[in-house]
Structure formats: structure tokens, C-alpha cells
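With compact mmCIF, C-alpha atoms inside, this is coords.txt:
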```txt
# COMPACT_ATOMS: atom_id res chain seq x y z
CA MET Q 21 0.00 0.00 0.00
CA ASN Q 22 1.90 3.02 -1.33
CA ILE Q 23 0.30 6.23 -0.06
CA SER Q 24 1.70 9.75 0.00
CA ASP Q 25 -1.25 12.06 -0.79
CA ILE Q 26 -4.66 11.76 0.90
CA ILE Q 27 -7.85 13.71 0.21
CA PHE Q 28 -10.56 14.16 2.83
CA THR Q 29 -14.09 15.20 2.04
CA GLY Q 30 -17.51 15.24 3.66
CA GLY Q 31 -17.92 18.41 5.70
CA ASP Q 32 -17.44 16.55 8.99
CA ARG Q 33 -15.33 18.24 11.71
CA ARG Q 34 -13.80 14.88 12.52
CA MET Q 35 -12.26 14.81 9.05
CA ASN Q 36 -10.33 18.00 9.81
CA TYR Q 37 -8.80 16.49 12.93
CA ALA Q 38 -8.15 13.14 11.27
CA ALA Q 39 -6.25 15.00 8.55
CA GLU Q 40 -4.38 17.01 11.17
CA LYS Q 41 -3.04 13.81 12.72
CA LEU Q 42 -2.23 12.11 9.42
CA GLU Q 43 -0.42 15.22 8.13
CA ARG Q 44 2.51 14.18 10.27
CA THR Q 45 3.15 11.41 7.75
CA TYR Q 46 1.18 12.22 4.58
CA LYS Q 47 0.25 15.19 2.42
CA CYS Q 48 -3.41 15.84 3.18
CA ALA Q 49 -6.04 18.01 1.52
CA VAL Q 50 -9.38 18.63 3.22
CA PHE Q 51 -12.55 19.77 1.44
CA ALA Q 52 -15.99 20.45 2.87
CA ASN Q 53 -17.74 18.58 0.08
CA ALA Q 54 -17.19 16.82 -3.24
CA GLU Q 55 -18.05 19.90 -5.32
CA ASP Q 56 -15.35 21.98 -3.64
CA ALA Q 57 -12.87 19.15 -4.16
CA LEU Q 58 -13.64 18.91 -7.88
CA LEU Q 59 -13.25 22.66 -8.32
CA SER Q 60 -9.91 22.64 -6.52
CA THR Q 61 -8.28 19.55 -8.03
CA GLU Q 62 -7.34 18.59 -11.55
CA GLY Q 63 -7.19 15.01 -12.77
CA ARG Q 64 -6.24 11.97 -10.70
CA ASN Q 65 -3.96 13.38 -8.03
CA TYR Q 66 -4.46 11.45 -4.82
CA ASP Q 67 -3.36 8.01 -3.64
CA ALA Q 68 -6.13 7.71 -1.05
CA ALA Q 69 -9.41 9.23 0.07
CA VAL Q 70 -10.94 9.33 3.54
CA LEU Q 71 -14.73 9.55 3.55
CA PRO Q 72 -17.01 10.45 6.47
CA ILE Q 73 -18.97 7.84 8.38
CA ASN Q 74 -22.04 8.48 6.21
CA PRO Q 75 -20.73 9.32 2.72
CA GLY Q 76 -23.24 10.92 0.38
CA GLN Q 77 -23.88 9.64 -3.14
CA ASP Q 78 -22.36 12.83 -4.59
CA ILE Q 79 -18.95 11.61 -3.45
CA ILE Q 80 -18.90 8.62 -5.81
CA PRO Q 81 -18.44 10.40 -9.19
CA PHE Q 82 -15.95 12.77 -7.60
CA LEU Q 83 -13.71 9.92 -6.44
CA SER Q 84 -13.16 8.43 -9.89
CA ARG Q 85 -12.09 11.86 -11.18
CA THR Q 86 -9.74 12.71 -8.33
CA LEU Q 87 -7.87 9.53 -7.41
CA ASN Q 88 -4.86 7.86 -8.97
CA GLU Q 89 -5.05 4.34 -10.35
CA ASN Q 90 -4.97 1.62 -7.68
CA ALA Q 91 -5.98 4.18 -5.07
CA VAL Q 92 -7.25 3.28 -1.59
CA ILE Q 93 -10.53 4.49 -0.10
CA PHE Q 94 -11.19 4.56 3.65
CA ALA Q 95 -14.89 4.88 4.37
CA GLY Q 96 -17.23 4.64 7.33
CA LYS Q 97 -20.37 2.98 6.07
CA THR Q 98 -20.02 1.40 2.64
CA THR Q 99 -22.78 1.20 0.05
CA PRO Q 100 -23.40 -1.05 -2.97
CA GLU Q 101 -22.75 1.96 -5.21
CA LEU Q 102 -19.41 2.63 -3.54
CA ASP Q 103 -18.46 -1.04 -3.77
CA THR Q 104 -19.29 -1.08 -7.49
CA MET Q 105 -17.33 2.09 -8.21
CA CYS Q 106 -14.26 0.68 -6.43
CA ARG Q 107 -14.42 -2.59 -8.40
CA GLU Q 108 -14.82 -0.76 -11.71
CA ASN Q 109 -11.84 1.52 -11.02
CA GLY Q 110 -9.57 -0.98 -9.27
CA TYR Q 111 -9.65 0.85 -5.94
CA LYS Q 112 -9.20 -0.90 -2.62
CA LEU Q 113 -11.98 -0.16 -0.14
CA TYR Q 114 -11.62 -0.39 3.63
CA SER Q 115 -14.24 0.45 6.26
CA TYR Q 116 -12.77 1.96 9.42
CA LEU Q 117 -16.25 1.78 10.96
CA GLU Q 118 -16.08 -2.02 10.97
CA ARG Q 119 -12.76 -2.14 12.82
CA GLU Q 120 -12.87 -3.29 16.44
CA GLU Q 121 -10.45 -0.64 17.71
CA PHE Q 122 -12.59 2.11 16.17
CA ALA Q 123 -15.79 0.65 17.63
CA VAL Q 124 -14.35 0.32 21.13
CA LEU Q 125 -12.75 3.78 21.29
CA ASN Q 126 -15.83 5.37 19.77
CA ALA Q 127 -17.90 3.63 22.45
CA VAL Q 128 -15.71 5.25 25.10
CA LEU Q 129 -16.52 8.70 23.72
CA THR Q 130 -20.22 7.81 23.60
CA ALA Q 131 -20.14 6.69 27.24
CA GLU Q 132 -18.42 9.91 28.28
CA GLY Q 133 -21.08 11.87 26.44
CA ALA Q 134 -23.86 9.95 28.16
CA VAL Q 135 -22.35 10.74 31.54
CA ALA Q 136 -22.05 14.42 30.62
CA ILE Q 137 -25.71 14.54 29.57
CA ALA Q 138 -26.80 12.81 32.77
CA ILE Q 139 -24.87 15.29 34.91
CA ASN Q 140 -26.06 18.37 33.01
CA GLU Q 141 -29.69 17.34 32.56
CA THR Q 142 -30.59 16.07 36.04
CA ASP Q 143 -30.72 17.72 39.45
CA LYS Q 144 -29.41 14.72 41.38
CA ALA Q 145 -25.94 13.29 41.85
CA LEU Q 146 -25.08 10.15 39.93
CA CYS Q 147 -23.70 8.58 43.09
CA GLY Q 148 -26.52 6.43 44.46
CA GLU Q 149 -28.78 7.00 41.45
CA ASN Q 150 -30.57 4.02 39.90
CA VAL Q 151 -29.33 3.75 36.31
CA LEU Q 152 -30.83 1.23 33.89
CA VAL Q 153 -28.85 0.35 30.76
CA LEU Q 154 -30.87 -1.30 27.99
CA GLY Q 155 -28.76 -3.66 25.90
CA TYR Q 156 -25.27 -4.95 26.57
CA GLY Q 157 -23.16 -4.41 23.48
CA ARG Q 158 -19.90 -2.43 23.37
CA ILE Q 159 -21.45 0.95 24.12
CA ALA Q 160 -23.67 -0.44 26.88
CA LYS Q 161 -20.77 -2.27 28.56
CA ILE Q 162 -18.57 0.83 28.70
CA THR Q 163 -21.45 3.13 29.64
CA ALA Q 164 -22.47 0.84 32.51
CA ALA Q 165 -18.87 0.81 33.76
CA TYR Q 166 -18.61 4.61 33.67
CA PHE Q 167 -21.83 5.14 35.63
CA SER Q 168 -20.88 2.44 38.11
CA ALA Q 169 -17.47 4.06 38.65
CA LEU Q 170 -19.29 7.25 39.63
CA GLY Q 171 -21.27 5.41 42.28
CA ALA Q 172 -24.51 4.78 40.41
CA LYS Q 173 -26.51 1.64 41.12
CA VAL Q 174 -26.46 0.01 37.70
CA THR Q 175 -29.00 -2.42 36.33
CA ALA Q 176 -28.44 -3.79 32.83
CA ALA Q 177 -31.08 -5.46 30.68
CA ALA Q 178 -30.14 -7.95 27.99
CA ARG Q 179 -31.62 -10.87 26.08
CA LYS Q 180 -28.78 -13.39 25.89
CA SER Q 181 -28.04 -15.56 28.91
CA SER Q 182 -24.32 -15.03 28.30
CA ASP Q 183 -24.77 -11.24 28.52
CA LEU Q 184 -26.80 -11.62 31.70
CA ALA Q 185 -23.96 -13.66 33.18
CA TRP Q 186 -21.43 -10.95 32.28
CA ILE Q 187 -23.71 -8.31 33.79
CA ARG Q 188 -23.86 -10.27 37.01
CA SER Q 189 -20.07 -10.78 37.00
CA GLN Q 190 -19.53 -7.01 36.90
CA GLY Q 191 -21.66 -6.49 39.99
CA TYR Q 192 -24.65 -4.99 38.18
CA CYS Q 193 -28.21 -6.18 38.58
CA PRO Q 194 -29.13 -8.38 35.57
CA VAL Q 195 -32.58 -8.12 33.99
CA ASP Q 196 -34.02 -10.20 31.18
CA ILE Q 197 -35.11 -7.62 28.63
CA THR Q 198 -37.68 -10.02 27.16
CA SER Q 199 -39.46 -10.46 30.50
CA ASP Q 200 -42.03 -7.84 31.48
CA GLU Q 201 -42.02 -9.34 34.98
CA GLN Q 202 -38.35 -8.34 35.34
CA LEU Q 203 -38.08 -5.28 33.10
CA ILE Q 204 -41.14 -3.28 34.19
CA PRO Q 205 -40.05 -2.99 37.86
CA ALA Q 206 -36.54 -2.01 36.69
CA LEU Q 207 -38.01 0.72 34.47
CA ALA Q 208 -40.15 1.97 37.36
CA ASP Q 209 -37.15 2.19 39.71
CA ALA Q 210 -34.76 3.92 37.29
CA GLY Q 211 -33.90 7.58 37.64
CA ILE Q 212 -31.86 7.45 34.43
CA ILE Q 213 -32.34 5.05 31.53
CA ILE Q 214 -29.68 4.60 28.85
CA ASN Q 215 -30.94 2.89 25.71
CA THR Q 216 -28.60 1.21 23.22
CA VAL Q 217 -31.16 -1.09 21.58
CA PRO Q 218 -32.29 0.10 18.09
CA ALA Q 219 -35.82 -1.27 18.41
CA ARG Q 220 -39.21 -0.22 19.83
CA ILE Q 221 -38.89 -2.07 23.12
CA ILE Q 222 -40.35 0.56 25.47
CA THR Q 223 -44.04 0.79 24.61
CA GLY Q 224 -47.37 0.08 26.30
CA GLU Q 225 -47.09 -1.00 29.94
CA ARG Q 226 -43.33 -0.68 29.82
CA ALA Q 227 -43.49 3.01 28.92
CA GLU Q 228 -46.31 3.62 31.40
CA ALA Q 229 -44.18 2.19 34.22
CA ILE Q 230 -41.48 4.85 33.83
CA ASN Q 231 -41.66 7.77 36.27
CA LYS Q 232 -42.33 11.17 34.69
CA ASP Q 233 -39.16 12.53 36.33
CA THR Q 234 -36.98 9.84 34.78
CA LEU Q 235 -34.49 10.86 32.10
CA MET Q 236 -33.95 8.55 29.14
CA ILE Q 237 -30.80 9.05 27.06
CA GLU Q 238 -31.33 7.53 23.63
CA LEU Q 239 -28.00 6.33 22.20
CA ALA Q 240 -29.39 3.88 19.63
CA SER Q 241 -29.76 4.66 15.94
CA SER Q 242 -33.55 4.38 16.19
CA ASP Q 243 -35.95 5.18 19.02
CA CYS Q 244 -36.90 2.56 21.57
CA THR Q 245 -40.13 4.42 22.39
CA ASP Q 246 -43.30 4.89 20.37
CA GLY Q 247 -44.38 8.52 20.03
CA GLU Q 248 -44.68 10.99 22.90
CA THR Q 249 -43.79 9.91 26.42
CA ALA Q 250 -44.59 11.18 29.90
CA PHE Q 251 -40.91 11.04 30.77
CA ARG Q 252 -38.11 13.07 29.18
CA VAL Q 253 -36.11 11.59 26.30
CA ILE Q 254 -32.90 13.10 24.97
CA LYS Q 255 -31.86 11.79 21.57
CA ALA Q 256 -28.09 11.55 21.70
CA GLY Q 257 -26.97 9.76 18.57
CA GLY Q 258 -23.54 10.54 17.12
CA LEU Q 259 -22.11 11.79 20.41
CA PRO Q 260 -18.40 11.31 19.54
CA GLY Q 261 -18.49 13.81 16.69
CA LYS Q 262 -20.60 16.26 18.68
CA ILE Q 263 -18.83 16.37 22.03
CA SER Q 264 -15.29 15.17 21.24
CA PRO Q 265 -14.60 15.90 17.55
CA ILE Q 266 -10.85 16.18 18.06
CA THR Q 267 -10.52 12.79 19.74
CA ALA Q 268 -13.08 11.28 17.36
CA GLY Q 269 -11.03 12.48 14.41
CA TYR Q 270 -7.82 11.14 15.91
CA ILE Q 271 -9.49 7.75 16.39
CA ILE Q 272 -10.35 7.67 12.68
CA ALA Q 273 -6.75 8.58 11.82
CA GLU Q 274 -5.30 5.95 14.15
CA THR Q 275 -7.58 3.29 12.68
CA ILE Q 276 -6.48 4.24 9.16
CA GLU Q 277 -2.84 4.08 10.24
CA ASN Q 278 -3.46 0.56 11.55
CA ILE Q 279 -5.05 -0.51 8.27
CA ILE Q 280 -2.11 0.89 6.29
CA ALA Q 281 0.42 -0.80 8.58
CA GLU Q 282 -1.34 -4.15 8.21
CA ASN Q 283 -1.35 -3.87 4.41
CA LYS Q 284 2.12 -2.49 3.71
CA SER Q 285 2.92 -5.21 1.22
CA CYS Q 286 -0.37 -4.84 -0.71
```
Spit out the file's structure as C-alpha cells when you get a sec.
Amino acid sequence: MNISDIIFTGGDRRMNYAAEKLERTYKCAVFANAEDALLSTEGRNYDAAVLPINPGQDIIPFLSRTLNENAVIFAGKTTPELDTMCRENGYKLYSYLEREEFAVLNAVLTAEGAVAIAINETDKALCGENVLVLGYGRIAKITAAYFSALGAKVTAAARKSSDLAWIRSQGYCPVDITSDEQLIPALADAGIIINTVPARIITGERAEAINKDTLMIELASSDCTDGETAFRVIKAGGLPGKISPITAGYIIAETIENIIAENKSC
């Protein structure tokens, strides 16, 4: 993988900071969008492109006019159109979003953001507060640990028996998320609810059980509730780029550096 010049596009603040870190090794050019890049570049000039987590379709035609042959593209989410364009032009496509190190470090930033929201949006201390975490994936695991470290009484709800065992092993109260008998009392007791499950799991009796003073922090990509609620819900998707864009950008850069190092001979 022979890279010297990298172009960044997408209008995402994280891209600026990712470029800032990679500029220590590579020549980097940053553009707010594909149109600006096309107006400012001539021909195939770049060995690699770094795309934002959600690249728009307008980026695709721009790439084939701006990159050298056998170029490398680092993207967040990939699309069938992007895959096809890379095959047709002989580009190598890597998704930094699918890398474990990116997912874990991004989850850390999300957990920090959830804690910040909880502190700023409630009138009670986290120490001693009943915090319910819905789901037990990467983000939920780290978020539960952060709240627990601050003295919160953490309950975590999951579906898999293996996750429930891990919850128990960490000293949290395990709740079967599929059981109304277990989940409804946990919802009623919670002062703060953190949702990481991208599904409508808090409806009907479950939603009715939640106290009107409870704060729900919605971290999932889609809402877990159905319509208006008596309790307060803060939608907090994409926290890393919102609250820690510098670190979030550096994480993208570090992940790209790892991919390059692993593919030096390619």
C-alpha cells in the first residue's frame, strides 16, 4: 500500500482532525464537500481518500475523477454503489467503521457523552442513582462501567443468557429484557435510563411504568419508544463527533494508520 497524498471530504469536523493527525506522515487536503474538491483539483492526483462515516452519493463520481489508479478508499459505512465504483476503477476499499479498535474507542466517547448529559440534565448526583442500561453491546458495557465508577446503582437489561452472566459478573443487577415481569419494575425504579437497543422495546405498559421525572438518554440509531412519552427523552446519537470531535477524528486517523500498517505489502 503506497500512499503519500490523501484527500478528505464530507464536511465533517472529525475529518479535519483526522487529517491534522495524518499530516505528520502524509500530504493531506481537506474539502468540505465533493463539489469543492472537484473545483480545486485537476485530474487523478491522490493516492487515497478518507470519507465520512455516512458518505453521500455525490462523493462517488468525484472519487473516480480525483484519485490515482490503484488508489485506496477509507470509508465509514459502505454502500453497494461505492463497492461497485471501487471494483470498476480498481480501488481498494476499507471500512474503518467495521474495525474493532474504532468501535471500542468510539464507544468510550459515547459513554463519556452519556455521563455528561446525565450530569447536566438532572438535578441529582449520579452517586446512588438508579441507572438502567438497555442492551449490553460495546457501548452499553462501557457506559455501565462509567456510571458504576461514579457510584450509580447500575442495572443492565439484555436478552442473551451469556450477557446476563457478564452483567452479574460485573456487579450490576441483571434483567431479562424479554421479561415484562423483570423489566417493568426495573423501568419503574430507574432515575436514568440509557438505551442502546435500536428497536421499539419501550411501549405500552413498559413506557407507562417509567416515572415522569426519569431521564432517558437515547443512544441507539432508532428510538426505543413509540411517540410521545410522559418522561423526558434526549436523543443523543452521534455523540463522539458532537462532544469530542478532536478525539473522534484522531481515532479515525489511528484506525487508518493501523489498516495501512497491516497492508504495507499490498
Neighbour list for Q:Thr130 as number ranges by chain, cut-off 9 Å, all atoms listed in the file, skip fewer than 4 positions in-chain: Q: 125-126, 134-135, 159, 162-163, 239, 256-260, 263
Pick from Q:Ile271, Q:Ala95, Q:Met105, Q:Ala160, whichever lies nearest to Q:Thr175 using all atoms listed in the file: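 Of Q:Ile271, Q:Ala95, Q:Met105, Q:Ala160, the one nearest Q:Thr175 is Q:Ala160, counting all atoms listed in the file.
You will find atom CA of Q:Gly261 at 17.5 Å from atom CA of Q:Ser115.
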Within-10 Å shell of (-40.5, 4.7, 20.6) in input frame, only C-alpha atoms, as a PyMOL selection string: chain Q and resi 218-223+227+242-249+253
Coordinates-based distance that separates atom CA of Q:Lys41 from atom CA of Q:Tyr270 (Å, one decimal):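 Result for atom CA of Q:Tyr270 versus atom CA of Q:Lys41: 6.3 Å, one decimal.
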Counting only C-alpha atoms, the residue of Q:Asn140, Q:Thr29, Q:Ser24, Q:Asn36 that sits nearest Q:Ile266: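 That would be Q:Asn36, the residue with the smallest distance to Q:Ile266.
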Residue contacts of stretch 63-78 of chain Q (8 Å, only C-alpha atoms) excluding same-chain residues fewer than 2 positions away, as a ChimeraX atom specification: /Q:22-30,32,35,54,61,80-98,117
Residue nearest Q:Gly211 - candidates Q:Gly148, Q:Ile254, Q:Lys180, Q:Ala240, atoms counted: all atoms listed in the file: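 Closest residue, counting all atoms listed in the file: Q:Gly148.
Across the structure, atom CA of Q:Lys161 and atom CA of Q:Arg119 are spaced 17.7 Å apart.
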Of the listed residues Q:Arg33, Q:Lys232, Q:Lys47, Q:Arg252, that which approaches Q:Ile214 most closely, counting only C-alpha atoms: Q:Arg252
Selection: 9 Å around Q:Gly191, only C-alpha atoms, excl. self and same-chain fewer than 4 positions, as a short mmCIF file (atom, residue, chain, number, x, y, z; two decimals) with C-alpha atoms, in the frame of the given file:
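Final output, part.cif:
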```
data_model
loop_
_atom_site.label_atom_id
_atom_site.label_comp_id
_atom_site.auth_asym_id
_atom_site.auth_seq_id
_atom_site.Cartn_x
_atom_site.Cartn_y
_atom_site.Cartn_z
CA VAL Q 174 -26.46 0.01 37.70
CA TRP Q 186 -21.43 -10.95 32.28
CA ILE Q 187 -23.71 -8.31 33.79
#
```
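Candidate residues Q:Glu277, Q:Glu120, Q:Glu201, Q:Asp143 were compared for distance to Q:Thr234, and the nearest is Q:Asp143, using only C-alpha atoms.
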